[in-house]
$ cat input-v6.cif   # mmCIF, C-alpha atoms
data_structure
#
loop_
_atom_site.group_PDB
_atom_site.id
_atom_site.type_symbol
_atom_site.label_atom_id
_atom_site.label_comp_id
_atom_site.auth_asym_id
_atom_site.auth_seq_id
_atom_site.Cartn_x
_atom_site.Cartn_y
_atom_site.Cartn_z
ATOM 1 C CA MET X 26 -5.103 -25.725 2.107
ATOM 2 C CA THR X 27 -8.600 -26.772 1.110
ATOM 3 C CA TRP X 28 -11.737 -25.432 2.768
ATOM 4 C CA ALA X 29 -12.060 -28.797 4.539
ATOM 5 C CA GLU X 30 -8.618 -28.308 6.065
ATOM 6 C CA LEU X 31 -9.631 -24.823 7.258
ATOM 7 C CA ALA X 32 -12.740 -26.393 8.776
ATOM 8 C CA GLN X 33 -10.592 -28.993 10.511
ATOM 9 C CA GLY X 34 -8.177 -26.350 11.805
ATOM 10 C CA ASP X 35 -10.814 -23.867 12.964
ATOM 11 C CA PRO X 36 -14.366 -25.240 12.680
ATOM 12 C CA GLU X 37 -16.009 -22.122 14.109
ATOM 13 C CA LEU X 38 -14.203 -19.843 11.667
ATOM 14 C CA ALA X 39 -15.133 -22.084 8.732
ATOM 15 C CA ALA X 40 -18.783 -22.207 9.822
ATOM 16 C CA THR X 41 -18.791 -18.417 10.129
ATOM 17 C CA GLY X 42 -17.221 -18.119 6.704
ATOM 18 C CA GLU X 43 -19.852 -20.379 5.172
ATOM 19 C CA ARG X 44 -22.614 -18.345 6.832
ATOM 20 C CA LEU X 45 -21.208 -15.020 5.617
ATOM 21 C CA LEU X 46 -20.397 -16.243 2.098
ATOM 22 C CA THR X 47 -23.939 -17.591 1.613
ATOM 23 C CA HIS X 48 -26.085 -15.227 3.725
ATOM 24 C CA SER X 49 -28.115 -14.125 0.707
ATOM 25 C CA GLY X 50 -29.031 -17.704 -0.120
ATOM 26 C CA VAL X 51 -26.315 -18.217 -2.724
ATOM 27 C CA GLY X 52 -22.569 -17.723 -2.565
ATOM 28 C CA ALA X 53 -21.632 -14.100 -3.180
ATOM 29 C CA GLY X 54 -18.383 -12.223 -2.843
ATOM 30 C CA PHE X 55 -15.793 -10.005 -4.456
ATOM 31 C CA LEU X 56 -12.711 -11.625 -5.943
ATOM 32 C CA SER X 57 -9.469 -9.715 -6.342
ATOM 33 C CA THR X 58 -6.812 -10.893 -8.786
ATOM 34 C CA VAL X 59 -3.481 -9.588 -10.084
ATOM 35 C CA ARG X 60 -3.520 -7.780 -13.431
ATOM 36 C CA ARG X 61 -0.811 -8.265 -16.018
ATOM 37 C CA ASP X 62 0.776 -4.950 -14.951
ATOM 38 C CA GLY X 63 0.812 -6.075 -11.295
ATOM 39 C CA GLY X 64 -2.082 -3.859 -10.208
ATOM 40 C CA PRO X 65 -5.205 -5.233 -8.517
ATOM 41 C CA ARG X 66 -8.552 -6.116 -10.111
ATOM 42 C CA VAL X 67 -11.884 -6.650 -8.291
ATOM 43 C CA HIS X 68 -15.118 -8.211 -9.544
ATOM 44 C CA PRO X 69 -18.095 -10.042 -8.054
ATOM 45 C CA VAL X 70 -18.223 -13.832 -8.114
ATOM 46 C CA SER X 71 -20.486 -16.604 -6.844
ATOM 47 C CA PRO X 72 -18.382 -18.914 -4.655
ATOM 48 C CA VAL X 73 -19.615 -22.430 -3.985
ATOM 49 C CA LEU X 74 -18.812 -24.624 -0.999
ATOM 50 C CA ALA X 75 -18.991 -28.272 -2.045
ATOM 51 C CA GLY X 76 -17.170 -31.521 -1.416
ATOM 52 C CA GLY X 77 -14.783 -29.973 1.097
ATOM 53 C CA GLY X 78 -13.690 -27.224 -1.266
ATOM 54 C CA LEU X 79 -14.328 -23.552 -2.024
ATOM 55 C CA TRP X 80 -14.948 -23.043 -5.749
ATOM 56 C CA VAL X 81 -15.771 -20.436 -8.346
ATOM 57 C CA PHE X 82 -16.864 -20.698 -11.964
ATOM 58 C CA ILE X 83 -15.233 -17.943 -14.018
ATOM 59 C CA VAL X 84 -16.063 -16.946 -17.569
ATOM 60 C CA ASP X 85 -13.042 -17.612 -19.781
ATOM 61 C CA LEU X 86 -13.704 -14.433 -21.740
ATOM 62 C CA SER X 87 -12.996 -12.341 -18.638
ATOM 63 C CA TRP X 88 -9.873 -10.535 -17.567
ATOM 64 C CA LYS X 89 -9.952 -12.206 -14.141
ATOM 65 C CA TYR X 90 -9.770 -15.621 -15.809
ATOM 66 C CA ARG X 91 -6.595 -14.603 -17.607
ATOM 67 C CA ASP X 92 -5.256 -13.072 -14.403
ATOM 68 C CA LEU X 93 -5.641 -16.363 -12.522
ATOM 69 C CA LEU X 94 -3.994 -18.422 -15.237
ATOM 70 C CA ARG X 95 -1.008 -16.064 -15.190
ATOM 71 C CA ASP X 96 -0.868 -15.460 -11.413
ATOM 72 C CA PRO X 97 -3.098 -17.713 -9.276
ATOM 73 C CA ARG X 98 -3.103 -15.491 -6.198
ATOM 74 C CA PHE X 99 -6.505 -14.218 -5.121
ATOM 75 C CA ALA X 100 -8.345 -12.478 -2.308
ATOM 76 C CA LEU X 101 -12.065 -13.126 -1.692
ATOM 77 C CA HIS X 102 -14.340 -10.991 0.466
ATOM 78 C CA ALA X 103 -17.881 -12.055 1.309
ATOM 79 C CA TYR X 104 -20.679 -9.696 0.313
ATOM 80 C CA PRO X 105 -21.671 -7.405 3.175
ATOM 81 C CA LEU X 106 -24.527 -8.311 5.494
ATOM 82 C CA PRO X 107 -27.553 -6.019 5.014
ATOM 83 C CA GLU X 108 -27.282 -5.031 8.665
ATOM 84 C CA GLY X 109 -23.468 -4.859 8.583
ATOM 85 C CA GLY X 110 -21.251 -5.653 11.533
ATOM 86 C CA GLU X 111 -19.357 -8.732 10.271
ATOM 87 C CA GLU X 112 -16.913 -9.473 7.479
ATOM 88 C CA PHE X 113 -15.241 -12.617 6.114
ATOM 89 C CA TYR X 114 -12.132 -12.699 3.968
ATOM 90 C CA VAL X 115 -9.793 -15.333 2.587
ATOM 91 C CA ASP X 116 -6.739 -15.222 0.380
ATOM 92 C CA GLY X 117 -4.753 -17.950 -1.267
ATOM 93 C CA ILE X 118 -4.111 -19.704 -4.552
ATOM 94 C CA ALA X 119 -6.691 -20.510 -7.247
ATOM 95 C CA ARG X 120 -6.235 -23.890 -8.899
ATOM 96 C CA PRO X 121 -7.932 -24.723 -12.224
ATOM 97 C CA GLU X 122 -10.130 -27.845 -12.076
ATOM 98 C CA ALA X 123 -10.959 -29.724 -15.278
ATOM 99 C CA ARG X 124 -12.179 -33.110 -14.000
ATOM 100 C CA ALA X 125 -15.708 -33.644 -15.257
ATOM 101 C CA GLU X 126 -16.903 -35.379 -12.091
ATOM 102 C CA VAL X 127 -15.662 -32.528 -9.888
ATOM 103 C CA ILE X 128 -17.239 -29.919 -12.170
ATOM 104 C CA ALA X 129 -20.533 -31.814 -11.995
ATOM 105 C CA MET X 130 -20.324 -32.037 -8.207
ATOM 106 C CA VAL X 131 -19.724 -28.322 -7.819
ATOM 107 C CA ALA X 132 -22.373 -27.382 -10.394
ATOM 108 C CA GLY X 133 -24.911 -29.380 -8.398
ATOM 109 C CA GLY X 134 -27.207 -30.461 -11.195
ATOM 110 C CA ARG X 135 -26.699 -27.356 -13.348
ATOM 111 C CA THR X 136 -24.857 -27.819 -16.631
ATOM 112 C CA PRO X 137 -22.082 -25.201 -16.789
ATOM 113 C CA LEU X 138 -21.834 -23.256 -20.013
ATOM 114 C CA PRO X 139 -18.788 -24.083 -22.181
ATOM 115 C CA PHE X 140 -17.116 -20.788 -21.302
ATOM 116 C CA GLU X 141 -17.449 -21.285 -17.520
ATOM 117 C CA LYS X 142 -14.199 -22.614 -16.086
ATOM 118 C CA LEU X 143 -13.892 -23.979 -12.563
ATOM 119 C CA PHE X 144 -11.265 -22.976 -10.032
ATOM 120 C CA GLU X 145 -10.740 -24.264 -6.513
ATOM 121 C CA LEU X 146 -9.844 -21.463 -4.116
ATOM 122 C CA THR X 147 -7.272 -22.955 -1.764
ATOM 123 C CA VAL X 148 -6.917 -20.951 1.410
ATOM 124 C CA GLU X 149 -3.715 -19.544 2.875
ATOM 125 C CA ARG X 150 -5.322 -17.085 5.270
ATOM 126 C CA ALA X 151 -8.816 -16.516 6.613
ATOM 127 C CA LEU X 152 -10.061 -13.503 8.552
ATOM 128 C CA TRP X 153 -13.341 -12.925 10.373
ATOM 129 C CA THR X 154 -14.032 -9.391 11.558
ATOM 130 C CA LYS X 155 -16.813 -8.584 13.977
ATOM 131 C CA TRP X 156 -17.405 -4.908 14.645
ATOM 132 C CA GLU X 157 -18.014 -4.068 18.285
ATOM 133 C CA ASP X 158 -20.361 -1.146 18.936
ATOM 134 C CA TRP X 159 -21.568 -1.390 15.328
ATOM 135 C CA GLY X 160 -23.924 1.443 14.467
ATOM 136 C CA THR X 161 -22.355 3.841 16.960
ATOM 137 C CA ALA X 162 -19.965 6.699 16.294
ATOM 138 C CA ALA X 163 -16.999 4.576 17.397
ATOM 139 C CA PRO X 164 -17.214 0.979 16.109
ATOM 140 C CA TRP X 165 -14.144 -1.187 16.726
ATOM 141 C CA PRO X 166 -13.080 -4.332 14.868
ATOM 142 C CA ALA X 167 -12.377 -7.640 16.619
ATOM 143 C CA HIS X 168 -10.492 -10.076 14.351
ATOM 144 C CA ARG X 169 -10.175 -13.854 14.278
ATOM 145 C CA LYS X 170 -7.459 -15.107 11.961
ATOM 146 C CA TRP X 171 -6.281 -18.430 10.597
ATOM 147 C CA HIS X 172 -3.122 -19.207 8.642
ATOM 148 C CA ALA X 173 -2.435 -22.318 6.614
ATOM 149 C CA ARG X 174 1.091 -22.293 7.956
ATOM 150 C CA PRO X 175 2.901 -20.397 10.716
ATOM 151 C CA THR X 176 3.920 -16.829 9.754
ATOM 152 C CA MET K 12 -4.849 10.092 -14.060
ATOM 153 C CA HIS K 13 -7.900 12.308 -13.477
ATOM 154 C CA ARG K 14 -9.413 13.766 -10.358
ATOM 155 C CA TRP K 15 -13.120 12.970 -9.809
ATOM 156 C CA ARG K 16 -14.170 16.396 -11.145
ATOM 157 C CA GLN K 17 -12.193 15.909 -14.359
ATOM 158 C CA PHE K 18 -13.743 12.462 -14.794
ATOM 159 C CA GLU K 19 -17.182 13.955 -14.122
ATOM 160 C CA GLU K 20 -16.642 16.663 -16.755
ATOM 161 C CA ALA K 21 -15.429 14.130 -19.296
ATOM 162 C CA ALA K 22 -18.132 11.505 -18.623
ATOM 163 C CA PRO K 23 -21.001 13.130 -16.699
ATOM 164 C CA GLU K 24 -23.552 10.319 -17.038
ATOM 165 C CA LEU K 25 -21.037 7.683 -16.005
ATOM 166 C CA ALA K 26 -19.911 9.783 -13.037
ATOM 167 C CA SER K 27 -23.519 10.386 -12.004
ATOM 168 C CA ALA K 28 -24.274 6.656 -12.133
ATOM 169 C CA GLY K 29 -21.118 5.960 -10.160
ATOM 170 C CA ARG K 30 -21.858 8.551 -7.514
ATOM 171 C CA ALA K 31 -25.323 7.111 -7.028
ATOM 172 C CA MET K 32 -23.844 3.623 -6.598
ATOM 173 C CA ILE K 33 -21.220 4.890 -4.111
ATOM 174 C CA TYR K 34 -23.873 6.577 -1.941
ATOM 175 C CA GLN K 35 -26.746 4.121 -2.460
ATOM 176 C CA PHE K 36 -26.893 3.198 1.257
ATOM 177 C CA GLY K 37 -26.224 6.629 2.759
ATOM 178 C CA PRO K 38 -22.486 6.975 3.466
ATOM 179 C CA GLY K 39 -20.099 6.072 0.657
ATOM 180 C CA LEU K 40 -19.414 2.319 0.609
ATOM 181 C CA GLY K 41 -17.213 0.091 -1.505
ATOM 182 C CA TYR K 42 -14.318 -2.341 -1.601
ATOM 183 C CA ILE K 43 -10.766 -1.274 -2.319
ATOM 184 C CA ALA K 44 -8.128 -3.693 -3.572
ATOM 185 C CA THR K 45 -4.462 -2.911 -3.027
ATOM 186 C CA VAL K 46 -1.095 -4.548 -3.739
ATOM 187 C CA ARG K 47 0.494 -6.515 -0.891
ATOM 188 C CA PRO K 48 4.280 -6.387 -0.306
ATOM 189 C CA ASP K 49 4.587 -9.792 -2.036
ATOM 190 C CA GLY K 50 2.641 -8.514 -5.060
ATOM 191 C CA GLY K 51 -0.543 -10.432 -4.260
ATOM 192 C CA PRO K 52 -3.957 -8.785 -3.955
ATOM 193 C CA ARG K 53 -5.595 -7.521 -0.756
ATOM 194 C CA MET K 54 -9.167 -6.235 -0.535
ATOM 195 C CA HIS K 55 -11.310 -4.723 2.199
ATOM 196 C CA PRO K 56 -14.342 -2.468 2.499
ATOM 197 C CA PHE K 57 -13.982 1.242 3.069
ATOM 198 C CA CYS K 58 -15.966 4.475 2.909
ATOM 199 C CA PRO K 59 -15.175 6.621 -0.143
ATOM 200 C CA ILE K 60 -15.871 10.319 0.210
ATOM 201 C CA GLN K 61 -16.686 12.541 -2.747
ATOM 202 C CA TYR K 62 -15.692 16.030 -1.674
ATOM 203 C CA GLY K 63 -14.957 19.058 -3.809
ATOM 204 C CA ASP K 64 -13.039 18.016 -6.902
ATOM 205 C CA GLY K 65 -11.891 14.689 -5.521
ATOM 206 C CA LEU K 66 -12.852 11.194 -4.433
ATOM 207 C CA TYR K 67 -11.124 10.325 -1.175
ATOM 208 C CA GLY K 68 -10.645 7.643 1.450
ATOM 209 C CA LEU K 69 -9.657 8.011 5.106
ATOM 210 C CA ILE K 70 -7.840 4.804 5.963
ATOM 211 C CA ALA K 71 -6.671 3.822 9.411
ATOM 212 C CA ASP K 72 -3.258 2.347 10.158
ATOM 213 C CA SER K 73 -3.620 -1.092 8.565
ATOM 214 C CA PRO K 74 -2.049 -3.344 5.945
ATOM 215 C CA LYS K 75 -4.113 -1.682 3.211
ATOM 216 C CA GLN K 76 -2.950 1.758 4.302
ATOM 217 C CA ARG K 77 0.650 0.562 4.105
ATOM 218 C CA ASP K 78 -0.038 -0.986 0.693
ATOM 219 C CA LEU K 79 -1.265 2.366 -0.618
ATOM 220 C CA LEU K 80 1.708 4.246 0.799
ATOM 221 C CA ARG K 81 4.127 1.757 -0.775
ATOM 222 C CA ASP K 82 2.329 1.046 -4.054
ATOM 223 C CA GLY K 83 -0.442 3.509 -4.805
ATOM 224 C CA ARG K 84 -2.346 1.329 -7.252
ATOM 225 C CA TYR K 85 -5.942 0.456 -6.365
ATOM 226 C CA ALA K 86 -9.106 -1.047 -7.768
ATOM 227 C CA PHE K 87 -12.440 0.068 -6.298
ATOM 228 C CA HIS K 88 -15.864 -1.581 -6.571
ATOM 229 C CA THR K 89 -19.098 -0.286 -5.103
ATOM 230 C CA PHE K 90 -21.134 -2.391 -2.665
ATOM 231 C CA PRO K 91 -23.621 -4.747 -4.287
ATOM 232 C CA GLN K 92 -27.126 -3.383 -4.711
ATOM 233 C CA ALA K 93 -29.851 -4.655 -2.423
ATOM 234 C CA GLU K 94 -32.230 -5.321 -5.325
ATOM 235 C CA GLY K 95 -30.091 -5.477 -8.437
ATOM 236 C CA ASP K 96 -26.690 -6.363 -9.839
ATOM 237 C CA ASP K 97 -25.451 -3.056 -11.293
ATOM 238 C CA GLU K 98 -21.754 -2.364 -10.746
ATOM 239 C CA PHE K 99 -19.452 0.664 -10.656
ATOM 240 C CA TYR K 100 -15.716 0.145 -10.770
ATOM 241 C CA LEU K 101 -12.618 2.350 -10.797
ATOM 242 C CA THR K 102 -8.923 1.729 -11.161
ATOM 243 C CA GLY K 103 -6.049 4.150 -10.715
ATOM 244 C CA ARG K 104 -3.515 5.385 -8.214
ATOM 245 C CA VAL K 105 -3.941 7.191 -4.935
ATOM 246 C CA ARG K 106 -2.379 10.484 -3.921
ATOM 247 C CA ALA K 107 -1.483 10.662 -0.241
ATOM 248 C CA VAL K 108 -2.970 13.886 1.134
ATOM 249 C CA ASP K 109 -0.939 15.641 3.794
ATOM 250 C CA ASP K 110 -2.422 19.134 3.685
ATOM 251 C CA ALA K 111 -4.096 19.432 7.084
ATOM 252 C CA ALA K 112 -6.887 21.680 5.864
ATOM 253 C CA GLU K 113 -7.740 19.324 3.006
ATOM 254 C CA VAL K 114 -7.684 16.314 5.324
ATOM 255 C CA GLU K 115 -9.991 17.984 7.834
ATOM 256 C CA ALA K 116 -12.393 19.058 5.114
ATOM 257 C CA VAL K 117 -12.565 15.476 3.834
ATOM 258 C CA ARG K 118 -13.074 14.197 7.386
ATOM 259 C CA ALA K 119 -15.886 16.654 7.969
ATOM 260 C CA LYS K 120 -17.568 15.534 4.748
ATOM 261 C CA MET K 121 -17.171 11.888 5.792
ATOM 262 C CA ARG K 122 -18.966 12.568 9.052
ATOM 263 C CA GLU K 123 -21.604 14.608 7.259
ATOM 264 C CA ASP K 124 -22.170 11.595 4.973
ATOM 265 C CA GLY K 125 -22.921 9.486 8.050
ATOM 266 C CA ALA K 126 -19.668 7.540 8.408
ATOM 267 C CA SER K 127 -17.412 7.604 11.448
ATOM 268 C CA SER K 128 -13.797 8.718 11.730
ATOM 269 C CA THR K 129 -11.298 8.082 14.509
ATOM 270 C CA GLY K 130 -9.517 11.307 13.596
ATOM 271 C CA ASP K 131 -6.138 9.683 12.948
ATOM 272 C CA GLU K 132 -6.542 8.045 9.540
ATOM 273 C CA ARG K 133 -4.306 8.791 6.565
ATOM 274 C CA CYS K 134 -6.119 10.583 3.764
ATOM 275 C CA PHE K 135 -5.831 9.428 0.150
ATOM 276 C CA GLU K 136 -7.313 10.864 -3.024
ATOM 277 C CA LEU K 137 -8.342 8.231 -5.574
ATOM 278 C CA LEU K 138 -7.058 9.418 -8.943
ATOM 279 C CA ILE K 139 -8.896 7.720 -11.773
ATOM 280 C CA GLU K 140 -7.422 5.876 -14.725
ATOM 281 C CA THR K 141 -10.397 3.735 -15.726
ATOM 282 C CA ALA K 142 -14.088 3.777 -14.835
ATOM 283 C CA MET K 143 -16.715 1.144 -15.638
ATOM 284 C CA PHE K 144 -20.471 0.915 -15.120
ATOM 285 C CA ALA K 145 -22.323 -2.356 -15.708
ATOM 286 C CA LYS K 146 -26.093 -2.067 -16.131
ATOM 287 C CA TYR K 147 -28.137 -5.274 -15.808
ATOM 288 C CA THR K 148 -31.582 -5.576 -17.371
ATOM 289 C CA ALA K 149 -32.812 -7.827 -14.562
ATOM 290 C CA ARG K 150 -31.510 -9.711 -11.532
ATOM 291 C CA GLY K 151 -29.490 -12.703 -12.724
ATOM 292 C CA ALA K 152 -29.448 -11.572 -16.366
ATOM 293 C CA TRP K 153 -26.088 -11.640 -18.115
ATOM 294 C CA PRO K 154 -24.236 -10.007 -19.778
ATOM 295 C CA PRO K 155 -24.854 -6.437 -18.647
ATOM 296 C CA ALA K 156 -24.401 -3.346 -20.787
ATOM 297 C CA TYR K 157 -20.930 -1.993 -20.058
ATOM 298 C CA THR K 158 -19.903 1.666 -20.186
ATOM 299 C CA ILE K 159 -16.138 2.062 -19.957
ATOM 300 C CA TRP K 160 -14.072 5.242 -19.747
ATOM 301 C CA HIS K 161 -10.310 5.710 -19.810
ATOM 302 C CA ALA K 162 -8.459 8.804 -18.642
ATOM 303 C CA GLU K 163 -6.057 8.506 -21.559
ATOM 304 C CA GLU K 164 -6.775 7.591 -25.158
ATOM 305 C CA ARG K 165 -5.755 4.015 -25.928
ATOM 306 C CA PRO K 166 -4.638 2.756 -29.326
#

$ encode --input "input-v6.cif" --output "structure tokens"
Amino acid sequence: MTWAELAQGDPELAATGERLLTHSGVGAGFLSTVRRDGGPRVHPVSPVLAGGGLWVFIVDLSWKYRDLLRDPRFALHAYPLPEGGEEFYVDGIARPEARAEVIAMVAGGRTPLPFEKLFELTVERALWTKWEDWGTAAPWPAHRKWHARPT
Amino acid sequence: MHRWRQFEEAAPELASAGRAMIYQFGPGLGYIATVRPDGGPRMHPFCPIQYGDGLYGLIADSPKQRDLLRDGRYAFHTFPQAEGDDEFYLTGRVRAVDDAAEVEAVRAKMREDGASSTGDERCFELLIETAMFAKYTARGAWPPAYTIWHAEERP
């Protein structure tokens, strides 16, 4: 499912996700991919919301680029808020995008470097966590979840 | 796989940089990625605890706890800096800790660090296979200077 379809299915969750993914002014999050040996890998990325999609440019020299070409499954977690208390997480399938017009749309006036490759992050699950009693000795998570299809 | 102390003895500057990144906001903070039952990745924040010779996590009953019990492989990344882009990253396998005294000592250290515990989490030690520190010259500059350490010699 695209980000637009998440927004259609749960507009409040999508709006929260956009807020938490871009709270620093630019998209920021950690992307987890599957290594060749099946173990997990984690590295920071700069996700972009544009044209109804969730996107990332990934350097083709990187291990995570090779991971996604071999196994497109990913998990993305928004960077933490400075004050804490909320989290946003999606997982799904990363799809390479090579159409020049789409790349230009996502890049938004910037010319991507030749080694930056674009992926659309299609969403299978989204999770918003808000911590009740944050800052106390006993915080408790309240979750809001969305699935692309019934589980 | 190495315990934190063995890693620290083998690569003291790297371990010192990593420890500073783990504790940069007070309590230990980072993201841990695990392996889901279907083989896909899962990732959530948690509070690492450096205690004694080990680096630990107390993880409540949750999908990531079950991932670690089933498939002990993890990847760990420190929280992003407030005013920089430096990174510290570990990969390895966890050891489930069942010794009650060890668990309680880790829990006490966690609370001393300023994090909270419900008292019923499972305790895991993060054994280290690979460590990486990325040092950026300025915000937005790329590439950083990488320092990489492996527990075992690679050809």

$ atom_distance --input "input-v6.cif" --atom1 "CA of Asp97 in chain K" --atom2 "CA of Ala119 in chain K"
29.2 Å

$ resolve_selection --input "input-v6.cif" --expression "the PyMOL selection byres ((chain X) within 7 of (chain K))" --output "VMD selection string"
chain X and resid 57 to 59 63 to 67 98 to 100 162 to 163

$ write_last_selection --input "input-v6.cif" --atoms "C-alpha atoms" --output "PDB file, keeping the file's coordinate frame"
ATOM      1  CA  SER X  57      -9.469  -9.715  -6.342  1.00  0.00           C
ATOM      2  CA  THR X  58      -6.812 -10.893  -8.786  1.00  0.00           C
ATOM      3  CA  VAL X  59      -3.481  -9.588 -10.084  1.00  0.00           C
ATOM      4  CA  GLY X  63       0.812  -6.075 -11.295  1.00  0.00           C
ATOM      5  CA  GLY X  64      -2.082  -3.859 -10.208  1.00  0.00           C
ATOM      6  CA  PRO X  65      -5.205  -5.233  -8.517  1.00  0.00           C
ATOM      7  CA  ARG X  66      -8.552  -6.116 -10.111  1.00  0.00           C
ATOM      8  CA  VAL X  67     -11.884  -6.650  -8.291  1.00  0.00           C
ATOM      9  CA  ARG X  98      -3.103 -15.491  -6.198  1.00  0.00           C
ATOM     10  CA  PHE X  99      -6.505 -14.218  -5.121  1.00  0.00           C
ATOM     11  CA  ALA X 100      -8.345 -12.478  -2.308  1.00  0.00           C
ATOM     12  CA  ALA X 162     -19.965   6.699  16.294  1.00  0.00           C
ATOM     13  CA  ALA X 163     -16.999   4.576  17.397  1.00  0.00           C
TER      14      ALA X 163
END

$ axis_aligned_box --input "input-v6.cif" --around "range 136-142 of chain X" --padding-each-side "3 Å" --output "JSON"
{"center_x": -19.5, "center_y": -24.3, "center_z": -19.1, "size_x": 16.7, "size_y": 13.0, "size_z": 12.1}

$ residues_near_point --input "input-v6.cif" --point "(-19.9, -10.1, 16.2)" --cutoff "8 Å" --atoms "all atoms listed in the file" --output "compact mmCIF listing (two decimals) with C-alpha atoms, in the coordinates of the input"
# COMPACT_ATOMS: atom_id res chain seq x y z
CA GLY X 110 -21.25 -5.65 11.53
CA GLU X 111 -19.36 -8.73 10.27
CA THR X 154 -14.03 -9.39 11.56
CA LYS X 155 -16.81 -8.58 13.98
CA TRP X 156 -17.40 -4.91 14.64
CA GLU X 157 -18.01 -4.07 18.28
CA ALA X 167 -12.38 -7.64 16.62

$ residues_around --input "input-v6.cif" --residues "Asp109 in chain K" --least-positions-apart "4" --cutoff "9 Å" --atoms "all atoms listed in the file" --output "ChimeraX atom specification"
/K:113-114,133-135

$ residues_around --input "input-v6.cif" --residues "Ile118 in chain X" --least-positions-apart "3" --cutoff "12 Å" --atoms "only C-alpha atoms" --output "short mmCIF file (atom, residue, chain, number, x, y, z; two decimals) with C-alpha atoms, in the frame of the given file"
data_model
loop_
_atom_site.label_atom_id
_atom_site.label_comp_id
_atom_site.auth_asym_id
_atom_site.auth_seq_id
_atom_site.Cartn_x
_atom_site.Cartn_y
_atom_site.Cartn_z
CA MET X 26 -5.10 -25.72 2.11
CA THR X 27 -8.60 -26.77 1.11
CA LEU X 56 -12.71 -11.62 -5.94
CA SER X 57 -9.47 -9.72 -6.34
CA THR X 58 -6.81 -10.89 -8.79
CA VAL X 59 -3.48 -9.59 -10.08
CA LEU X 79 -14.33 -23.55 -2.02
CA TRP X 80 -14.95 -23.04 -5.75
CA ASP X 92 -5.26 -13.07 -14.40
CA LEU X 93 -5.64 -16.36 -12.52
CA LEU X 94 -3.99 -18.42 -15.24
CA ARG X 95 -1.01 -16.06 -15.19
CA ASP X 96 -0.87 -15.46 -11.41
CA PRO X 97 -3.10 -17.71 -9.28
CA ARG X 98 -3.10 -15.49 -6.20
CA PHE X 99 -6.50 -14.22 -5.12
CA ALA X 100 -8.35 -12.48 -2.31
CA LEU X 101 -12.06 -13.13 -1.69
CA VAL X 115 -9.79 -15.33 2.59
CA PRO X 121 -7.93 -24.72 -12.22
CA PHE X 144 -11.26 -22.98 -10.03
CA GLU X 145 -10.74 -24.26 -6.51
CA LEU X 146 -9.84 -21.46 -4.12
CA THR X 147 -7.27 -22.96 -1.76
CA VAL X 148 -6.92 -20.95 1.41
CA GLU X 149 -3.72 -19.54 2.88
CA ARG X 150 -5.32 -17.08 5.27
CA ALA X 173 -2.44 -22.32 6.61
CA GLY K 51 -0.54 -10.43 -4.26
CA PRO K 52 -3.96 -8.78 -3.96
#

$ closest_residue --input "input-v6.cif" --among "X:Leu152, X:Ala125, X:Val131, X:Leu106" --to "Leu45 in chain X" --atoms "only C-alpha atoms"
X:Leu106

$ closest_residue --input "input-v6.cif" --among "K:Pro59, K:Ala156, K:Leu40, K:Gly151" --to "Ser71 in chain X" --atoms "only C-alpha atoms"
K:Gly151

$ closest_residue --input "input-v6.cif" --among "K:Glu123, K:Glu94, K:Asp64, K:Glu19" --to "Gln35 in chain K" --atoms "all atoms listed in the file"
K:Glu94

$ atom_distance --input "input-v6.cif" --atom1 "CA of Leu69 in chain K" --atom2 "CA of Trp159 in chain X"
18.3 Å

$ residues_around --input "input-v6.cif" --residues "Val108 in chain K" --least-positions-apart "4" --cutoff "12 Å" --atoms "only C-alpha atoms" --output "MDAnalysis selection string"
chainID K and resid 65:70 79:80 112:118 132:138

$ atom_distance --input "input-v6.cif" --atom1 "CA of Phe140 in chain X" --atom2 "CA of Asp116 in chain X"
24.7 Å

$ closest_residue --input "input-v6.cif" --among "K:Phe144, K:Val105, K:Met12, K:Lys75" --to "Arg30 in chain K" --atoms "all atoms listed in the file"
K:Phe144

$ resolve_selection --input "input-v6.cif" --expression "the PyMOL selection byres ((chain X and resi 137) around 12)" --output "MDAnalysis selection string"
chainID X and resid 81:84 125 127:136 138:143

$ resolve_selection --input "input-v6.cif" --expression "the PyMOL selection byres ((chain K and resi 158) around 9)" --output "ChimeraX atom specification"
/K:25,142-146,156-157,159-160

$ write_last_selection --input "input-v6.cif" --atoms "C-alpha atoms" --output "PDB file, keeping the file's coordinate frame"
ATOM      1  CA  LEU K  25     -21.037   7.683 -16.005  1.00  0.00           C
ATOM      2  CA  ALA K 142     -14.088   3.777 -14.835  1.00  0.00           C
ATOM      3  CA  MET K 143     -16.715   1.144 -15.638  1.00  0.00           C
ATOM      4  CA  PHE K 144     -20.471   0.915 -15.120  1.00  0.00           C
ATOM      5  CA  ALA K 145     -22.323  -2.356 -15.708  1.00  0.00           C
ATOM      6  CA  LYS K 146     -26.093  -2.067 -16.131  1.00  0.00           C
ATOM      7  CA  ALA K 156     -24.401  -3.346 -20.787  1.00  0.00           C
ATOM      8  CA  TYR K 157     -20.930  -1.993 -20.058  1.00  0.00           C
ATOM      9  CA  ILE K 159     -16.138   2.062 -19.957  1.00  0.00           C
ATOM     10  CA  TRP K 160     -14.072   5.242 -19.747  1.00  0.00           C
TER      11      TRP K 160
END

$ closest_residue --input "input-v6.cif" --among "K:Arg81, K:His161, K:Ile139, K:Tyr147" --to "Arg14 in chain K" --atoms "only C-alpha atoms"
K:Ile139

$ residues_around --input "input-v6.cif" --residues "Ala29 in chain X" --least-positions-apart "6" --cutoff "9 Å" --atoms "all atoms listed in the file" --output "JSON, numbers by chain"
{"X": [39, 76, 77, 78, 79]}
